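Have a look at the structure below before the remarks.
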Amino acid sequence: MVVEFRLLGPVRVTAGGNAVVIGGRQRTALLAILLLNANRVVGTDRLATVLWGARQPRNARSTLQVRVSQLRRVLAEAGLGDDRLAYRSPGYLLRVGAGELDLQRFLTLADRGRDLLAAGDHQAAAGLLHEALELFTGHPFEDVTAPPLDAERDRIQQRRLAARTDRIDADVRAGLHDTVLGELTALAEQHPLDERLGGLLMLALHRAGRRSDALAHFRRIRKLSTERDGLEPSEELRRLEKAILTDAPVTVLVPAQLPVPLVHFTGRDDDLRRLDDLAPRAGAVAVPVVVSAIGGIAGVGKTALAVHWAHRARTRFPDGQLYVNLRGFDPAAAPMTPTGALRTLLDGLGVPAQRVPYQVDAQSSLYRSILARQRVLVLLDNARDAEQVRPLLPGSPGSMALVTSRNQLTGLAATDGARLLALAAFGPDGSRELLAGRLGPDRITAEPEATGRIIERCAGLPLALSVVAAQAAANPGLALAAFADDLTLDSLTVGDVGSDVRAVFSSSYRVLRDDTKRLVRLAGLHPGPDLTAGAAASLAACSPAEARTGLAELVRAGFATEHTPGRYGMHDLLREYAADMARRHETEPDRRAALHRCTDHYLHTACSAAEALVPHGDPLTPGQAHQGVRPEPIADRTAAVAWFTAELPVLLEVFHAAVTARLDRRVIDLAWALARFLDLRRRYHDMTATQQAALTAATRLGDDPARARAHRLIGFAASREARTGEALEHLSAALDVNRQIGDHLALGHTGMTLAQLTARTGDHTRALEHARTAYAAFQTADSRYGQANALNSIGWYHAKLGEYEATVEFCTWSAELAGELGDARAIAAAADSLGYAHHHLGDHEQAVRCYQRAVQTYAAADDRYFEADTLLHLTDTLQAMGRTAPAIEAATRAQRLLDALEHPDADRARRKLEELGTHR
C-alpha cells in the first residue's frame with residue numbers, strides 16, 4: 001500500500017490513494033511536529049510546547065498521551081500499522097518510510113538539482129527542480145497555527161525560494177529565458193536586494209534582446225544598494241554589466257579549487273544539514289561572516305565532510321571556491337604560515353605575483369578587498385590554531401570560511417563569531433553504511449558477526465573503517481573475519497602516512513606540552529569509559545586545577561572530548577594509542593602506582609557516597625588512600641546519587657581492573673560500597689557479579705565477615721531476581737558464617753532477606769517468622785535502624801495475611817522509630833505499608849495521604865523503584881475511589897520511572913493504564 005505524508009501545504013495523509021481523516025487541530029499539529037522530525041524522537045516537553053505553548057493545562061502529560069493515542073488509532077485504522085507512532089523515552093517517534101514524506105522528497109530532489117546545476121547539466125537540473133517545487137500545494141503545514149513551528153516553516157520557505165531560484169537559473173542557462181522572464185521579473189521585485197535574482201534577470205533580459213532593460217535593472221540595484229548600505233553592487237554584477245555594455249560573452253572565470261570529494265560519502269546527514277543552516281543565505285543583506293570550525297579527533301572525517309558539503313553548496317557561492325591545506329598537523333612538513341596561505345589564496349583569485357604585498361596585514365587587506373561584495377567559499381583545511389586562520393577570513397557579507405582542525409579553535413568563536421561544529425565518530429549504523437558503501441551490501445550481509453567485530457574495534461572512526469574497507473576491497477577473496485581477527489592499531493594503514501592511523505595520532509601527540517603528554521599516557525591506563533578532572537588529578541598525582549588545564553588542552557587537540565560538562569572521554573583507538581605510549585614511556589612501577597591511585601580515588605569517593613545514601617547502615621572503612629589521591633567531596637544524599645549515577649560505568653570498569661590486578665582488599669571494599677547504589681537502581685546482575693568477585697577475594701584473604709557479607713548480598717540479589725535456589729544457598733552460607741563469628745547485626749540483615757525471599761514464594765506466615773527473628777537479632781546488636789525496618793516488614797507480612805489492624809500497629813511503631821532516626825527510606829516504607837492497610841480497611845482518603853507521603857519521600861531520596869511501586873499502590877486506591885484522571889496520571893508517572901530503570905514492572909504499569917482506558 002502506497003502511503004504519503006504531506007507537509008508542503010495543508011497537513012495530509014493518504015493510504016492506498018484514500019485520504020486519512022486526521023481530525024482535530026491538536027492532532028494535526030501533533031502530526032506536523034512528528035513529521036518534521038520523522039524517524040527521530042521528539043521529547044514530550046517539545047510536543048506539549050507545540051500543542052499549548054506557554055498555556056499548558058495542568059494535566060498536560062496525560063492529555064498529550066490521549067492525543068497521541070488518538071493519532072495512533074487513526075493511523076492504525078487507516079492500515080498504516082500499530083507501530084508507526086511509538087513511545088521512545090523521552091518522547092515519541094513517528095516512523096516514515098523512504099519516499100513517503102513530501103518534505104523529504106523535496107529536499108532530495110532540490111539537492112540533486114543543485115548538484116546538476118553546478119555540474120553544468122542545466123536541462124536535467126531544471127527537470128528535477130521543477131519536480132521538487134511541484135510538491136508544494138500551498139504554504140508549509142498552512143492549517144497548523146503553532147508559533148513554535150514558525151521557524152521550521154520559514155526554513156522550508158527559504159529552501160523553497162532557493163530551489164525556485166536554482167530552477168530559474170537552470171532554465172535561463174538552458175535557453176528558456178523568454179519562458180521564465182515574467183516569473184523572474186516578479187520574483188526580483190519581491191526580493192530587490194537579492195543579487196543572484198538580479199543578475200539572472202539582467203542575463204535573461206539581455207538574452208531576450210532587451211539590453212537597455214537589463215542595464216536599467218542594474219542601475220536600480222545600484223541605487224537600492226547605495227541608498228541602503230552605501231556600497232556598490234558586487235564584482236560579479238559589475239562584470240555582468242560590463243559584458244552587456246560591450247556585447248562580450250557573458251562568461252566569468254571563477255576559482256574552483258575544491259579537492260575531489262569521496263565517491264562513497266555516508267553517515268553525516270545531520271552535520272550536512274547544520275552546515276546548510278550556517279551558510280549565508282543568497283541575497284541576504286549584511287549577513288555576518290560565518291566561520292564553521294569543524295573540530296574532532298584525528299581520522300574522524302573532518303576534511304571529507306567539509307569537501308563533500310562544499311561541493312554540494314557550490315551554487316551558494318557563485319564567485320568561486322578557494323582551498324588551502326594549512327598543514328597544521330602534517331607529520332612531514334611544517335604548518336603553513338599565514339603569509340604562505342594568503343599567497344596561495346591570492347594566486348587562486350588571479351592576482352599577479354608582482355601585485356602581492358610583502359607584509360601579512362597588507363596581503364590580508366588586498367585579499368579581503370578582492371572578496372568584498374562577492375560570495376566566495378574559502379575552505380581552510382587542517383588548521384593548527386586560530387592565529388593561523390584569522391588573517392584568512394573573508395571580511396564581506398555572503399562569503400564563508402569553512403575551517404577544519406583537530407583543535408577546537410574556540411578563539412575563533414570568542415573573537416570572530418565562529419560557529420563550532422564538533423564532529424563525532426560514527427555509531428554502529430553509520431559505520432555499517434560506510435563499509436557497505438565501500439564493499440557492497442552483499443559482502444557485509446554475508447558476514448554480520450565479522451562486520452560487527454570490525455565496527456566495534458574501529459569504534460566508529462571513519463579513517464579506521466576506510467582503511468579496513470580498502471584492505472578488504474583489495475582482497476575480495478578474503479573473508480572479513482580475517483580482517484576482524486588481525487585488526488590492530490598497527491594494521492590500520494594502506495601504505496601511506498595519511499592513511500596510517502598511528503601516524504595520524506602521533507602527529508597530534510607530538511605537538512602537546514610534556515606534562516600533557518604524560519596525562520595522555522596515564523589516561524590510557526584509566527579503565528574508562530570517561531573520567532573527571534578529579535579522577536585525572538588522582539591518576540597523575542597533580543592538583544585538580546593542573547588536571548583541568550591538561551584536559552582542556554587534550555580537548556582542544558582532539559585527544560579527548562568533553563561530552564558532558566566536566567566529563568572527558570577518549571576514542572577507543574586513541575585510548576589504545578595512549579596505553580601503548582604509557583608502556584613505552586612510563587616504568588612498570590609508575591604504571592602500577594597510577595592504577596593504585598585511580599582505584600583509591602573511586603573507592604574512597606564511593607565509600608563517602610554510600611555512607612550518604614544509607615547513613616544508618618554498616619560503616620565502610622576503606623583504609624588509608626595512596627599518596628596523591630584526591631577523592632571527590634560528597635556533600636549529601638543528592639550529591640551521592642548524582643555521583644554514583646554519573647560514575648557507575650566507570651566504577652564497574654575500575655572494579656574489573658582491580659580484580660584483574662588482584663587488589664583483593666580494594667575489590668572487597670569496592671563491592672561493598674557499590675552494593676547500596678546497585679540496590680537503589682535494581683541492578684542485581686551487577687551486584688551478583690561484583691559480590692562473586694568479592695567472595696573470591698575474601699576467601700583468598702581469609703576474611704570471614706567479608707565472606708559472609710558477600711554470600712548475603714549474592715543471596716539478596718538472587719532473591720530479587722527470583723532465583724530462589726541460588727538465594728537460599730548463599731543466604732544459608734551467610735547464616736552459618738555469621739553464627740560462627742557471632743555477628744548479630746549481619747544475622748538480622750540476612751534474616752530480613754530470607755523474609756523477602758520466602759514472601760515471594762507466597763508463604764507469608766514463614767516470612768513473618770523470619771522478620772520476627774531478624775528483629776530479635778537487631779535488638780541484640782542494638783541496631784535501631786535494623787529494628788525500624790524489621791518492624792515495617794512484620795507489619796507488611798501481617799497485611800499480606802489479611803491482618804490489617806496489626807499492620808497499622810507495627811508500621812506506626814516503625815514510622816515513629818524511623819522518624820527519631822531521621823531515616824527517610826524507612827519512613828517512606830512504613831507510610832506505604834500503612835497506605836496499603838488503610839486501603840483494605842476501607843479508609844481510602846487516609847490511604848491516599850499515606851501513599852502521597854511515601855511517594856514524596858521516595859522521590860526526594862531518588863529511590864525511583866519504590867516511588868513507582870508506591871505510585872501503583874496509589875493508582876489502585878484512586879481507581880477504587882472513582883478518580884480516574886489522577887489514577888491515570890499516577891500510573892503514567894510510574895511507567896516512566898520503571899521504563900527508565902528498564903524494570904519488568906513497567907508492564908504492570910502498562911496493564912494498569914489499559915485497564916483505566918488508555919494505552920501508549
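To be explicit about the labels: the chains of the C-alpha cells are called A, B, and onward in the order shown, and within each one the residues are counted from 1, while ligands get numbers from 1 in the order they are shown.
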Give the helix (DSSP H, G or I) residues of stretch 340-556 of chain A, as assigned by DSSP on the backbone, as a short mmCIF file (atom, residue, chain, number, x, y, z; two decimals) with N, CA and C atoms, in the first residue's frame.
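Saved file out-v5.cif follows:
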data_model
loop_
_atom_site.label_atom_id
_atom_site.label_comp_id
_atom_site.auth_asym_id
_atom_site.auth_seq_id
_atom_site.Cartn_x
_atom_site.Cartn_y
_atom_site.Cartn_z
N GLY A 340 52.17 32.46 3.64
CA GLY A 340 52.13 31.45 2.58
C GLY A 340 50.71 31.13 2.16
N ALA A 341 49.80 31.05 3.15
CA ALA A 341 48.41 30.75 2.83
C ALA A 341 47.77 31.87 2.03
N LEU A 342 48.05 33.14 2.41
CA LEU A 342 47.47 34.27 1.68
C LEU A 342 47.99 34.33 0.24
N ARG A 343 49.26 34.01 0.05
CA ARG A 343 49.79 33.99 -1.32
C ARG A 343 49.07 32.94 -2.15
N THR A 344 48.79 31.78 -1.55
CA THR A 344 48.06 30.72 -2.26
C THR A 344 46.65 31.19 -2.61
N LEU A 345 45.98 31.84 -1.67
CA LEU A 345 44.62 32.31 -1.93
C LEU A 345 44.59 33.42 -2.97
N LEU A 346 45.53 34.36 -2.88
CA LEU A 346 45.56 35.46 -3.87
C LEU A 346 45.89 34.93 -5.26
N ASP A 347 46.75 33.90 -5.31
CA ASP A 347 47.04 33.28 -6.60
C ASP A 347 45.78 32.66 -7.18
N GLY A 348 44.96 32.02 -6.33
CA GLY A 348 43.71 31.44 -6.79
C GLY A 348 42.73 32.48 -7.29
N ALA A 353 51.78 37.79 -9.17
CA ALA A 353 52.74 37.73 -8.06
C ALA A 353 53.32 39.09 -7.73
N GLN A 354 53.55 39.94 -8.76
CA GLN A 354 54.17 41.24 -8.51
C GLN A 354 53.24 42.20 -7.77
N ARG A 355 51.95 41.90 -7.73
CA ARG A 355 50.99 42.77 -7.02
C ARG A 355 50.81 42.37 -5.56
N VAL A 360 52.05 40.70 5.94
CA VAL A 360 50.86 39.87 6.04
C VAL A 360 49.59 40.73 6.18
N ASP A 361 49.66 41.86 6.91
CA ASP A 361 48.47 42.72 7.06
C ASP A 361 48.03 43.28 5.72
N ALA A 362 49.00 43.69 4.89
CA ALA A 362 48.67 44.24 3.57
C ALA A 362 48.12 43.13 2.67
N GLN A 363 48.69 41.94 2.76
CA GLN A 363 48.17 40.82 1.97
C GLN A 363 46.72 40.53 2.35
N SER A 364 46.46 40.52 3.66
CA SER A 364 45.11 40.24 4.13
C SER A 364 44.13 41.32 3.68
N SER A 365 44.56 42.57 3.68
CA SER A 365 43.70 43.67 3.23
C SER A 365 43.37 43.54 1.75
N LEU A 366 44.38 43.20 0.93
CA LEU A 366 44.15 43.01 -0.50
C LEU A 366 43.18 41.86 -0.73
N TYR A 367 43.39 40.78 -0.03
CA TYR A 367 42.54 39.58 -0.14
C TYR A 367 41.09 39.92 0.19
N ARG A 368 40.90 40.67 1.27
CA ARG A 368 39.53 40.99 1.66
C ARG A 368 38.91 42.03 0.72
N SER A 369 39.73 42.90 0.18
CA SER A 369 39.21 43.89 -0.78
C SER A 369 38.70 43.20 -2.04
N ILE A 370 39.44 42.19 -2.50
CA ILE A 370 39.02 41.48 -3.71
C ILE A 370 37.71 40.73 -3.45
N LEU A 371 37.56 40.19 -2.22
CA LEU A 371 36.36 39.41 -1.91
C LEU A 371 35.16 40.28 -1.53
N ALA A 386 43.95 29.28 15.96
CA ALA A 386 43.18 30.43 15.50
C ALA A 386 44.07 31.49 14.86
N GLU A 387 45.31 31.66 15.37
CA GLU A 387 46.21 32.67 14.82
C GLU A 387 46.56 32.37 13.37
N GLN A 388 46.65 31.10 13.01
CA GLN A 388 46.95 30.74 11.63
C GLN A 388 45.78 31.07 10.70
N VAL A 389 44.56 31.00 11.25
CA VAL A 389 43.36 31.14 10.43
C VAL A 389 42.90 32.59 10.32
N ARG A 390 43.04 33.35 11.36
CA ARG A 390 42.38 34.67 11.45
C ARG A 390 42.68 35.59 10.26
N PRO A 391 43.93 35.71 9.75
CA PRO A 391 44.16 36.60 8.60
C PRO A 391 43.50 36.12 7.31
N LEU A 392 43.02 34.87 7.29
CA LEU A 392 42.49 34.29 6.06
C LEU A 392 40.97 34.38 5.98
N THR A 410 38.41 27.54 19.74
CA THR A 410 37.42 28.34 20.46
C THR A 410 37.74 29.83 20.38
N GLY A 411 39.01 30.17 20.11
CA GLY A 411 39.35 31.59 19.95
C GLY A 411 38.60 32.21 18.80
N LEU A 412 38.36 31.44 17.73
CA LEU A 412 37.59 31.97 16.60
C LEU A 412 36.15 32.23 17.00
N ALA A 413 35.62 31.37 17.87
CA ALA A 413 34.25 31.58 18.33
C ALA A 413 34.17 32.82 19.22
N ALA A 414 35.18 33.01 20.07
CA ALA A 414 35.14 34.12 21.03
C ALA A 414 35.30 35.47 20.36
N THR A 415 36.20 35.56 19.36
CA THR A 415 36.53 36.88 18.81
C THR A 415 36.07 37.09 17.38
N ASP A 416 35.73 36.00 16.67
CA ASP A 416 35.37 36.15 15.25
C ASP A 416 33.99 35.60 14.93
N PRO A 428 27.01 2.58 15.24
CA PRO A 428 27.01 1.30 14.52
C PRO A 428 26.37 1.40 13.14
N ASP A 429 25.24 2.13 13.02
CA ASP A 429 24.55 2.21 11.73
C ASP A 429 25.40 2.97 10.71
N GLY A 430 25.98 4.10 11.13
CA GLY A 430 26.82 4.86 10.21
C GLY A 430 28.05 4.08 9.79
N SER A 431 28.65 3.33 10.74
CA SER A 431 29.83 2.52 10.42
C SER A 431 29.47 1.45 9.40
N ARG A 432 28.33 0.80 9.61
CA ARG A 432 27.89 -0.26 8.68
C ARG A 432 27.60 0.34 7.30
N GLU A 433 27.02 1.51 7.27
CA GLU A 433 26.73 2.17 5.99
C GLU A 433 28.01 2.49 5.23
N LEU A 434 29.05 2.96 5.97
CA LEU A 434 30.33 3.25 5.32
C LEU A 434 30.93 1.98 4.71
N LEU A 435 30.96 0.90 5.48
CA LEU A 435 31.54 -0.36 4.98
C LEU A 435 30.74 -0.88 3.79
N ALA A 436 29.41 -0.80 3.87
CA ALA A 436 28.58 -1.28 2.77
C ALA A 436 28.81 -0.45 1.51
N GLY A 437 29.01 0.87 1.68
CA GLY A 437 29.27 1.71 0.52
C GLY A 437 30.58 1.38 -0.17
N ARG A 438 31.57 0.94 0.60
CA ARG A 438 32.89 0.62 0.02
C ARG A 438 32.96 -0.83 -0.48
N LEU A 439 32.29 -1.74 0.21
CA LEU A 439 32.44 -3.16 -0.10
C LEU A 439 31.20 -3.79 -0.72
N PRO A 441 26.74 -4.12 -0.13
CA PRO A 441 25.92 -4.65 0.96
C PRO A 441 25.96 -6.17 1.07
N ASP A 442 26.15 -6.87 -0.06
CA ASP A 442 26.14 -8.34 -0.01
C ASP A 442 27.27 -8.88 0.85
N ARG A 443 28.46 -8.30 0.70
CA ARG A 443 29.60 -8.81 1.46
C ARG A 443 29.42 -8.53 2.95
N ILE A 444 28.82 -7.41 3.28
CA ILE A 444 28.57 -7.08 4.68
C ILE A 444 27.51 -8.00 5.26
N THR A 445 26.42 -8.22 4.50
CA THR A 445 25.33 -9.07 4.97
C THR A 445 25.79 -10.51 5.14
N ALA A 446 26.73 -10.96 4.29
CA ALA A 446 27.18 -12.34 4.35
C ALA A 446 27.97 -12.65 5.62
N PRO A 448 27.79 -10.98 9.07
CA PRO A 448 27.36 -9.98 10.07
C PRO A 448 28.21 -9.99 11.34
N GLU A 449 28.65 -11.17 11.78
CA GLU A 449 29.43 -11.24 13.02
C GLU A 449 30.79 -10.57 12.85
N ALA A 450 31.48 -10.86 11.72
CA ALA A 450 32.77 -10.23 11.45
C ALA A 450 32.62 -8.73 11.26
N THR A 451 31.55 -8.33 10.57
CA THR A 451 31.29 -6.90 10.37
C THR A 451 31.11 -6.20 11.72
N GLY A 452 30.36 -6.84 12.62
CA GLY A 452 30.16 -6.26 13.95
C GLY A 452 31.45 -6.11 14.71
N ARG A 453 32.35 -7.09 14.60
CA ARG A 453 33.64 -7.00 15.30
C ARG A 453 34.51 -5.89 14.72
N ILE A 454 34.50 -5.74 13.38
CA ILE A 454 35.26 -4.66 12.76
C ILE A 454 34.73 -3.31 13.23
N ILE A 455 33.42 -3.17 13.26
CA ILE A 455 32.80 -1.91 13.68
C ILE A 455 33.14 -1.61 15.13
N GLU A 456 33.05 -2.64 15.98
CA GLU A 456 33.37 -2.43 17.40
C GLU A 456 34.83 -2.06 17.58
N ARG A 457 35.71 -2.72 16.84
CA ARG A 457 37.15 -2.48 17.00
C ARG A 457 37.53 -1.08 16.50
N CYS A 458 36.92 -0.65 15.40
CA CYS A 458 37.23 0.67 14.85
C CYS A 458 36.52 1.78 15.62
N PRO A 462 35.96 6.99 11.12
CA PRO A 462 35.88 6.80 9.67
C PRO A 462 37.21 6.44 9.02
N LEU A 463 38.33 7.02 9.49
CA LEU A 463 39.62 6.68 8.89
C LEU A 463 39.92 5.20 9.07
N ALA A 464 39.73 4.69 10.29
CA ALA A 464 39.99 3.28 10.55
C ALA A 464 39.07 2.39 9.72
N LEU A 465 37.78 2.72 9.66
CA LEU A 465 36.83 1.94 8.86
C LEU A 465 37.21 1.97 7.39
N SER A 466 37.64 3.14 6.90
CA SER A 466 38.02 3.27 5.49
C SER A 466 39.26 2.45 5.17
N VAL A 467 40.21 2.39 6.10
CA VAL A 467 41.42 1.59 5.87
C VAL A 467 41.05 0.12 5.79
N VAL A 468 40.23 -0.36 6.73
CA VAL A 468 39.81 -1.77 6.68
C VAL A 468 39.05 -2.05 5.39
N ALA A 469 38.16 -1.13 4.98
CA ALA A 469 37.40 -1.32 3.75
C ALA A 469 38.32 -1.37 2.54
N ALA A 470 39.35 -0.51 2.51
CA ALA A 470 40.30 -0.52 1.39
C ALA A 470 41.07 -1.83 1.36
N GLN A 471 41.50 -2.33 2.52
CA GLN A 471 42.22 -3.59 2.57
C GLN A 471 41.33 -4.74 2.11
N ALA A 472 40.07 -4.74 2.55
CA ALA A 472 39.15 -5.80 2.16
C ALA A 472 38.81 -5.72 0.67
N ALA A 473 38.66 -4.50 0.14
CA ALA A 473 38.35 -4.34 -1.29
C ALA A 473 39.51 -4.83 -2.16
N ALA A 474 40.73 -4.66 -1.65
CA ALA A 474 41.90 -5.13 -2.41
C ALA A 474 42.06 -6.65 -2.34
N LEU A 480 35.90 -11.40 5.61
CA LEU A 480 36.01 -10.26 6.52
C LEU A 480 36.47 -10.69 7.90
N ALA A 481 36.19 -11.94 8.26
CA ALA A 481 36.63 -12.43 9.56
C ALA A 481 38.14 -12.36 9.70
N ALA A 482 38.87 -12.56 8.59
CA ALA A 482 40.33 -12.49 8.65
C ALA A 482 40.78 -11.09 9.03
N PHE A 483 40.11 -10.07 8.51
CA PHE A 483 40.47 -8.69 8.85
C PHE A 483 40.07 -8.38 10.30
N ALA A 484 38.91 -8.90 10.73
CA ALA A 484 38.48 -8.67 12.10
C ALA A 484 39.45 -9.32 13.08
N ASP A 485 39.94 -10.51 12.76
CA ASP A 485 40.85 -11.23 13.66
C ASP A 485 42.18 -10.52 13.82
N VAL A 497 51.33 7.74 4.73
CA VAL A 497 51.24 8.39 6.03
C VAL A 497 49.83 8.88 6.31
N GLY A 498 49.16 9.38 5.30
CA GLY A 498 47.83 9.94 5.50
C GLY A 498 46.80 8.91 5.92
N SER A 499 47.06 7.62 5.62
CA SER A 499 46.11 6.58 5.98
C SER A 499 46.62 5.71 7.12
N VAL A 501 46.80 5.16 10.79
CA VAL A 501 46.09 5.70 11.95
C VAL A 501 47.06 6.06 13.06
N ARG A 502 48.05 5.21 13.33
CA ARG A 502 49.02 5.51 14.37
C ARG A 502 49.79 6.79 14.05
N ALA A 503 50.20 6.94 12.77
CA ALA A 503 50.96 8.14 12.39
C ALA A 503 50.11 9.40 12.53
N VAL A 504 48.82 9.27 12.19
CA VAL A 504 47.91 10.41 12.33
C VAL A 504 47.78 10.81 13.80
N PHE A 505 47.64 9.81 14.70
CA PHE A 505 47.57 10.11 16.13
C PHE A 505 48.88 10.75 16.62
N SER A 506 50.01 10.19 16.14
CA SER A 506 51.31 10.71 16.58
C SER A 506 51.51 12.16 16.20
N SER A 507 50.97 12.56 15.05
CA SER A 507 51.12 13.94 14.62
C SER A 507 50.40 14.91 15.54
N SER A 508 49.32 14.43 16.21
CA SER A 508 48.63 15.26 17.21
C SER A 508 49.36 15.20 18.55
N TYR A 509 49.89 14.03 18.88
CA TYR A 509 50.56 13.85 20.18
C TYR A 509 51.84 14.68 20.28
N ASP A 514 54.83 18.66 27.46
CA ASP A 514 55.33 17.43 28.08
C ASP A 514 54.40 16.92 29.17
N ASP A 515 53.91 17.84 30.04
CA ASP A 515 53.04 17.37 31.12
C ASP A 515 51.70 16.88 30.58
N THR A 516 51.27 17.46 29.45
CA THR A 516 50.03 16.99 28.83
C THR A 516 50.24 15.64 28.16
N LYS A 517 51.41 15.43 27.58
CA LYS A 517 51.73 14.11 27.03
C LYS A 517 51.65 13.05 28.12
N ARG A 518 52.19 13.37 29.32
CA ARG A 518 52.12 12.40 30.43
C ARG A 518 50.68 12.13 30.80
N LEU A 519 49.84 13.17 30.80
CA LEU A 519 48.42 12.97 31.11
C LEU A 519 47.77 12.06 30.08
N VAL A 520 48.11 12.22 28.79
CA VAL A 520 47.59 11.33 27.76
C VAL A 520 47.97 9.89 28.07
N ARG A 521 49.24 9.68 28.40
CA ARG A 521 49.72 8.31 28.67
C ARG A 521 48.98 7.69 29.85
N LEU A 522 48.83 8.45 30.93
CA LEU A 522 48.16 7.91 32.11
C LEU A 522 46.66 7.72 31.86
N ALA A 523 46.08 8.61 31.05
CA ALA A 523 44.66 8.44 30.69
C ALA A 523 44.45 7.13 29.94
N ALA A 533 38.00 15.65 36.10
CA ALA A 533 39.27 16.30 36.46
C ALA A 533 39.79 15.76 37.79
N GLY A 534 38.87 15.45 38.72
CA GLY A 534 39.30 14.89 40.00
C GLY A 534 39.97 13.54 39.83
N ALA A 535 39.38 12.68 38.97
CA ALA A 535 39.97 11.37 38.72
C ALA A 535 41.31 11.52 38.02
N ALA A 536 41.40 12.46 37.07
CA ALA A 536 42.66 12.69 36.37
C ALA A 536 43.73 13.21 37.33
N ALA A 537 43.32 14.04 38.30
CA ALA A 537 44.27 14.55 39.28
C ALA A 537 44.84 13.42 40.13
N SER A 538 43.97 12.48 40.55
CA SER A 538 44.45 11.33 41.32
C SER A 538 45.34 10.44 40.46
N LEU A 539 44.94 10.22 39.22
CA LEU A 539 45.71 9.36 38.32
C LEU A 539 47.12 9.90 38.11
N ALA A 540 47.23 11.22 37.94
CA ALA A 540 48.53 11.84 37.68
C ALA A 540 49.21 12.40 38.93
N PRO A 544 43.82 19.30 41.08
CA PRO A 544 42.68 19.34 40.16
C PRO A 544 42.79 20.47 39.13
N ALA A 545 43.34 21.62 39.54
CA ALA A 545 43.49 22.73 38.59
C ALA A 545 44.44 22.35 37.46
N GLU A 546 45.56 21.69 37.81
CA GLU A 546 46.50 21.24 36.78
C GLU A 546 45.84 20.21 35.87
N ALA A 547 45.03 19.32 36.46
CA ALA A 547 44.34 18.31 35.65
C ALA A 547 43.36 18.96 34.69
N ARG A 548 42.61 19.96 35.18
CA ARG A 548 41.66 20.65 34.30
C ARG A 548 42.36 21.33 33.14
N THR A 549 43.51 21.95 33.41
CA THR A 549 44.27 22.61 32.34
C THR A 549 44.72 21.59 31.30
N GLY A 550 45.25 20.45 31.78
CA GLY A 550 45.70 19.42 30.84
C GLY A 550 44.56 18.83 30.03
N LEU A 551 43.42 18.57 30.68
CA LEU A 551 42.28 18.02 29.96
C LEU A 551 41.74 19.01 28.93
N ALA A 552 41.74 20.30 29.28
CA ALA A 552 41.30 21.30 28.31
C ALA A 552 42.19 21.31 27.08
N GLU A 553 43.51 21.12 27.28
CA GLU A 553 44.42 21.05 26.13
C GLU A 553 44.14 19.80 25.30
N LEU A 554 43.83 18.69 25.98
CA LEU A 554 43.52 17.46 25.24
C LEU A 554 42.26 17.64 24.39
N VAL A 555 41.27 18.35 24.94
CA VAL A 555 40.05 18.60 24.18
C VAL A 555 40.36 19.47 22.97
N ARG A 556 41.13 20.53 23.17
CA ARG A 556 41.48 21.41 22.04
C ARG A 556 42.25 20.64 20.97
#
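Residues within 9 Å of A:His596, counting only C-alpha atoms and excluding same-chain residues fewer than 3 positions away, are Leu539, Arg591, Arg592, Ala593, Thr599, Asp600, His601, Ala625, His626, Ala658 and Leu663 of chain A.
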Output of the above residues as an mmCIF file, in the first residue's frame, restricted to C-alpha atoms:
data_model
loop_
_atom_site.group_PDB
_atom_site.id
_atom_site.type_symbol
_atom_site.label_atom_id
_atom_site.label_comp_id
_atom_site.auth_asym_id
_atom_site.auth_seq_id
_atom_site.Cartn_x
_atom_site.Cartn_y
_atom_site.Cartn_z
ATOM 1 C CA LEU A 539 45.707 9.362 38.320
ATOM 2 C CA ARG A 591 52.089 2.461 35.861
ATOM 3 C CA ARG A 592 51.132 0.311 38.879
ATOM 4 C CA ALA A 593 51.203 3.316 41.214
ATOM 5 C CA THR A 599 41.387 2.702 42.265
ATOM 6 C CA ASP A 600 41.683 4.577 45.564
ATOM 7 C CA HIS A 601 40.129 7.694 44.071
ATOM 8 C CA ALA A 625 44.485 6.103 50.461
ATOM 9 C CA HIS A 626 47.728 6.185 48.482
ATOM 10 C CA ALA A 658 41.172 -4.185 40.414
ATOM 11 C CA LEU A 663 43.899 -5.965 44.564
#
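Counting from atom CA of A:Ala788, the distance to atom CA of A:Glu769 is 16.3 Å.
Closest approach to A:Glu77 among A:Ala15, A:Glu447, A:Gly43, A:Ala124: A:Ala15, based on only C-alpha atoms.
The two atoms in question, atom CA of A:Arg681 and atom CA of A:Thr532, are spaced 22.4 Å apart.
The closest residue to A:Arg849, picked from A:Leu874, A:Leu651, A:Val68, A:Ala710 and counting only C-alpha atoms, is A:Leu874.
Contact shell of stretch 630-638 of chain A at 9 Å (only C-alpha atoms; same-chain neighbours under 5 positions omitted): Gly534, Ala535, Ala537, Ser538, Ala541, Cys542, Ser543, Pro544, Arg597, Asp600, His601, Tyr602, Leu603, His604, Thr605, Ala606, Ser608, Ala609, Ala610, Glu611, Ala612, Leu613, Val614, Pro615, Ala625, Trp643, Ala860, Ala861 and Asp862 of chain A.
When only C-alpha atoms are used to measure the gap to A:Phe778, the shortest distance among A:Leu745, A:Ala799, A:Ala383, A:Ile888 belongs to A:Leu745.
Using only C-alpha atoms, the smallest distance between any of A:Gly762, A:Gly524, A:Gly395, A:Pro622 and A:Tyr577 comes from A:Gly524.
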Skip A:Leu31 itself and residues of its chain fewer than 5 positions away, then list as a list in words all residues within 9 Å of it, counting only C-alpha atoms. Val11, Ile22, Gln26, Leu36, Leu71 and Leu94 of chain A
